[in-house]
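Content type mmCIF, C-alpha atoms; chains and numbers go by the auth columns, from the file start.cif:
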```cif
data_target
#
loop_
_atom_site.group_PDB
_atom_site.id
_atom_site.type_symbol
_atom_site.label_atom_id
_atom_site.label_comp_id
_atom_site.label_asym_id
_atom_site.label_seq_id
_atom_site.Cartn_x
_atom_site.Cartn_y
_atom_site.Cartn_z
_atom_site.B_iso_or_equiv
_atom_site.auth_seq_id
_atom_site.auth_asym_id
ATOM 1 C CA MET A 1 72.980 61.764 67.243 0.00 1 A
ATOM 2 C CA THR A 2 74.890 62.531 70.411 0.00 2 A
ATOM 3 C CA SER A 3 73.329 63.054 73.796 0.00 3 A
ATOM 4 C CA PRO A 4 73.399 66.548 75.264 0.00 4 A
ATOM 5 C CA PRO A 5 75.818 67.211 78.099 0.00 5 A
ATOM 6 C CA SER A 6 74.652 66.481 81.612 0.00 6 A
ATOM 7 C CA ARG A 7 72.252 69.146 82.939 0.00 7 A
ATOM 8 C CA ALA A 8 72.182 70.926 79.564 0.00 8 A
ATOM 9 C CA GLY A 9 68.465 71.554 79.947 0.00 9 A
ATOM 10 C CA ARG A 10 68.925 73.132 83.369 0.00 10 A
ATOM 11 C CA ARG A 11 71.748 75.367 82.083 0.00 11 A
ATOM 12 C CA CYS A 12 69.631 76.433 79.107 0.00 12 A
ATOM 13 C CA HIS A 13 66.695 77.184 81.421 0.00 13 A
ATOM 14 C CA ALA A 14 68.915 79.257 83.727 0.00 14 A
ATOM 15 C CA ALA A 15 70.165 81.294 80.770 0.00 15 A
ATOM 16 C CA LEU A 16 66.805 81.853 79.071 0.00 16 A
ATOM 17 C CA ASN A 17 64.296 82.050 81.908 0.00 17 A
ATOM 18 C CA PRO A 18 65.149 85.658 82.833 0.00 18 A
ATOM 19 C CA LEU A 19 64.445 86.659 79.225 0.00 19 A
ATOM 20 C CA HIS A 20 61.130 84.802 79.287 0.00 20 A
ATOM 21 C CA SER A 21 60.127 86.072 82.727 0.00 21 A
ATOM 22 C CA LEU A 22 60.779 89.736 82.013 0.00 22 A
ATOM 23 C CA LEU A 23 57.718 89.797 79.763 0.00 23 A
ATOM 24 C CA TYR A 24 55.415 89.180 82.722 0.00 24 A
ATOM 25 C CA PHE A 25 56.899 92.125 84.635 0.00 25 A
ATOM 26 C CA SER A 26 57.018 94.539 81.701 0.00 26 A
ATOM 27 C CA PRO A 27 54.631 97.441 81.164 0.00 27 A
ATOM 28 C CA GLU A 28 54.015 96.216 77.611 0.00 28 A
ATOM 29 C CA LEU A 29 52.084 93.070 78.562 0.00 29 A
ATOM 30 C CA PRO A 30 49.466 94.701 80.819 0.00 30 A
ATOM 31 C CA ARG A 31 48.856 97.341 78.120 0.00 31 A
ATOM 32 C CA GLU A 32 48.291 94.700 75.448 0.00 32 A
ATOM 33 C CA MET A 33 46.076 92.586 77.686 0.00 33 A
ATOM 34 C CA ALA A 34 44.020 95.573 78.860 0.00 34 A
ATOM 35 C CA ALA A 35 43.327 96.372 75.207 0.00 35 A
ATOM 36 C CA LEU A 36 41.702 92.924 74.997 0.00 36 A
ATOM 37 C CA GLY A 37 39.593 93.578 78.090 0.00 37 A
ATOM 38 C CA ILE A 38 41.772 91.565 80.458 0.00 38 A
ATOM 39 C CA GLY A 39 43.077 94.153 82.873 0.00 39 A
ATOM 40 C CA GLU A 40 43.486 92.216 86.112 0.00 40 A
ATOM 41 C CA GLN A 41 47.110 91.063 86.543 0.00 41 A
ATOM 42 C CA THR A 42 46.430 87.457 87.564 0.00 42 A
ATOM 43 C CA ALA A 43 43.849 86.975 84.813 0.00 43 A
ATOM 44 C CA ALA A 44 46.279 88.401 82.255 0.00 44 A
ATOM 45 C CA TYR A 45 49.095 86.168 83.483 0.00 45 A
ATOM 46 C CA LEU A 46 46.982 83.016 83.394 0.00 46 A
ATOM 47 C CA ALA A 47 45.553 83.900 79.982 0.00 47 A
ATOM 48 C CA THR A 48 48.963 84.518 78.423 0.00 48 A
ATOM 49 C CA ARG A 49 50.352 81.313 79.881 0.00 49 A
ATOM 50 C CA ALA A 50 47.295 79.197 79.006 0.00 50 A
ATOM 51 C CA ALA A 51 46.554 80.580 75.533 0.00 51 A
ATOM 52 C CA PRO A 52 48.722 78.003 73.701 0.00 52 A
ATOM 53 C CA LEU A 53 46.435 75.298 75.146 0.00 53 A
ATOM 54 C CA GLY A 54 43.338 76.833 73.549 0.00 54 A
ATOM 55 C CA PRO A 55 40.181 77.880 75.411 0.00 55 A
ATOM 56 C CA VAL A 56 40.713 75.440 78.280 0.00 56 A
ATOM 57 C CA GLY A 57 38.995 75.684 81.617 0.00 57 A
ATOM 58 C CA ALA A 58 40.310 75.912 85.129 0.00 58 A
ATOM 59 C CA GLY A 59 40.801 72.153 85.567 0.00 59 A
ATOM 60 C CA GLY A 60 43.054 71.807 82.546 0.00 60 A
ATOM 61 C CA VAL A 61 45.132 74.844 83.451 0.00 61 A
ATOM 62 C CA THR A 62 45.437 73.806 87.094 0.00 62 A
ATOM 63 C CA ALA A 63 46.637 70.370 85.998 0.00 63 A
ATOM 64 C CA ALA A 64 49.031 71.728 83.380 0.00 64 A
ATOM 65 C CA PHE A 65 50.560 74.394 85.616 0.00 65 A
ATOM 66 C CA TYR A 66 50.373 72.253 88.807 0.00 66 A
ATOM 67 C CA SER A 67 51.515 75.042 91.139 0.00 67 A
ATOM 68 C CA PHE A 68 48.484 77.358 91.277 0.00 68 A
ATOM 69 C CA ARG A 69 45.625 77.123 93.750 0.00 69 A
ATOM 70 C CA PRO A 70 42.620 75.672 91.912 0.00 70 A
ATOM 71 C CA GLY A 71 40.343 78.394 93.303 0.00 71 A
ATOM 72 C CA LEU A 72 42.623 81.125 91.962 0.00 72 A
ATOM 73 C CA VAL A 73 42.582 79.636 88.482 0.00 73 A
ATOM 74 C CA ALA A 74 38.816 79.043 88.622 0.00 74 A
ATOM 75 C CA ARG A 75 38.215 82.733 89.389 0.00 75 A
ATOM 76 C CA HIS A 76 39.729 83.677 86.016 0.00 76 A
ATOM 77 C CA LEU A 77 39.255 80.729 83.649 0.00 77 A
ATOM 78 C CA PRO A 78 37.357 80.146 81.460 0.00 78 A
ATOM 79 C CA GLY A 79 36.053 83.718 81.912 0.00 79 A
ATOM 80 C CA VAL A 80 39.019 85.284 80.139 0.00 80 A
ATOM 81 C CA TRP A 81 38.048 83.419 76.972 0.00 81 A
ATOM 82 C CA GLU A 82 34.723 85.276 76.976 0.00 82 A
ATOM 83 C CA ARG A 83 36.678 88.537 76.602 0.00 83 A
ATOM 84 C CA ALA A 84 39.414 87.385 74.228 0.00 84 A
ATOM 85 C CA ARG A 85 40.090 84.320 72.114 0.00 85 A
ATOM 86 C CA PRO A 86 43.333 82.439 72.841 0.00 86 A
ATOM 87 C CA ASP A 87 44.757 83.383 69.431 0.00 87 A
ATOM 88 C CA ALA A 88 44.179 87.072 70.219 0.00 88 A
ATOM 89 C CA VAL A 89 45.940 86.606 73.563 0.00 89 A
ATOM 90 C CA LEU A 90 48.866 84.922 71.799 0.00 90 A
ATOM 91 C CA ASP A 91 49.096 87.816 69.338 0.00 91 A
ATOM 92 C CA ALA A 92 49.027 90.299 72.229 0.00 92 A
ATOM 93 C CA ARG A 93 51.772 88.367 74.013 0.00 93 A
ATOM 94 C CA LEU A 94 53.937 88.456 70.885 0.00 94 A
ATOM 95 C CA ARG A 95 53.380 92.195 70.455 0.00 95 A
ATOM 96 C CA ALA A 96 54.330 92.746 74.097 0.00 96 A
ATOM 97 C CA ALA A 97 57.445 90.584 73.768 0.00 97 A
ATOM 98 C CA ASP A 98 58.468 92.448 70.622 0.00 98 A
ATOM 99 C CA GLY A 99 57.908 95.766 72.362 0.00 99 A
ATOM 100 C CA VAL A 100 59.903 94.916 75.471 0.00 100 A
ATOM 101 C CA LEU A 101 62.819 93.486 73.464 0.00 101 A
ATOM 102 C CA ARG A 102 62.904 96.530 71.217 0.00 102 A
ATOM 103 C CA ARG A 103 62.778 98.837 74.245 0.00 103 A
ATOM 104 C CA LEU A 104 65.620 97.013 76.013 0.00 104 A
ATOM 105 C CA LEU A 105 67.806 95.951 73.078 0.00 105 A
ATOM 106 C CA GLY A 106 66.890 98.396 70.333 0.00 106 A
ATOM 107 C CA ASP A 107 65.550 97.849 66.848 0.00 107 A
ATOM 108 C CA ARG A 108 69.001 97.237 65.368 0.00 108 A
ATOM 109 C CA VAL A 109 69.667 94.248 67.630 0.00 109 A
ATOM 110 C CA VAL A 110 66.147 92.807 67.303 0.00 110 A
ATOM 111 C CA GLU A 111 66.298 93.045 63.504 0.00 111 A
ATOM 112 C CA SER A 112 69.911 91.820 63.198 0.00 112 A
ATOM 113 C CA PRO A 113 70.982 88.681 61.326 0.00 113 A
ATOM 114 C CA GLN A 114 72.345 87.336 64.608 0.00 114 A
ATOM 115 C CA MET A 115 68.915 87.586 66.246 0.00 115 A
ATOM 116 C CA ALA A 116 67.342 85.892 63.233 0.00 116 A
ATOM 117 C CA GLU A 117 69.901 83.096 63.543 0.00 117 A
ATOM 118 C CA ALA A 118 69.257 82.787 67.283 0.00 118 A
ATOM 119 C CA ALA A 119 65.519 82.560 66.633 0.00 119 A
ATOM 120 C CA GLU A 120 66.043 79.867 64.005 0.00 120 A
ATOM 121 C CA LEU A 121 68.271 77.866 66.350 0.00 121 A
ATOM 122 C CA ALA A 122 65.716 78.174 69.144 0.00 122 A
ATOM 123 C CA LEU A 123 62.956 76.929 66.841 0.00 123 A
ATOM 124 C CA ARG A 124 65.084 73.956 65.785 0.00 124 A
ATOM 125 C CA ALA A 125 65.930 73.146 69.396 0.00 125 A
ATOM 126 C CA ALA A 126 62.277 73.350 70.412 0.00 126 A
ATOM 127 C CA ALA A 127 61.269 71.051 67.557 0.00 127 A
#
```

If you convert what's in this file into structure tokens, what do you get?
Amino acid sequence: MTSPPSRAGRRCHAALNPLHSLLYFSPELPREMAALGIGEQTAAYLATRAAPLGPVGAGGVTAAFYSFRPGLVARHLPGVWERARPDAVLDARLRAADGVLRRLLGDRVVESPQMAEAAELALRAAA
């Protein structure tokens, strides 16, 4: 196995982060989260980011994210898990991501063999 080129991770982050970040500024995500009873923007953001960790509390999320004020996180977690389970939040996040990509790229691109290949490559790289 060969080592990746120098700064490959940083270059990959620079290319993909705008795609990831657009979800949090889309109209699709607040709609999906409001349907779960999480309508406040900060609560929705923290829930969608923390959901892969399970129903963790403020301390775990503050430690994992390391850049949020503990009091801000404590105002929203674990309270969001009383309104929606983490798996429901993850499903909502996926629906929102699908919706925003389809709105911006169109169904033909999202359903294309090239997108399927890109998704497979991303899964392999993540593994």

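Our summary of the geometry notes that atom CA of A:Ala118 is positioned 21.0 Å from atom CA of A:Arg7.
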
I want to know what sits within 6 Å of stretch 87-100 of chain A, based on only C-alpha atoms, with residues of the same chain fewer than 5 positions away left out; could you give that as a PyMOL selection string?
chain A and resi 28-29+32

Translate the PyMOL selection byres ((chain A and resi 76-82) around 6), as applied to the file shown, into an explicit residue set as a list of chain:residue names.
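Matching residues under the PyMOL selection byres ((chain A and resi 76-82) around 6) are A:Ala43, A:Gly57, A:Ala58, A:Val73, A:Ala74, A:Arg75, A:Arg83, A:Ala84, A:Arg85.
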
Using only C-alpha atoms: which of A:Ser3, A:Arg103, A:Met115, A:Pro86 has the shortest distance to A:Leu23:
A:Arg103

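Atom CA of A:Leu16 lies 15.5 Å from atom CA of A:Leu104.
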
Expressed in Å, the length from atom CA of A:Tyr45 to atom CA of A:Gly60 is 15.6 Å

As lines of an AutoDock Vina configuration file: centre and edge lengths in Å, one decimal, of the axis-aligned box holding stretch 78-96 of chain A with 6 Å per side:
```
center_x = 44.5
center_y = 86.4
center_z = 75.6
size_x = 31.6
size_y = 24.6
size_z = 24.6
```
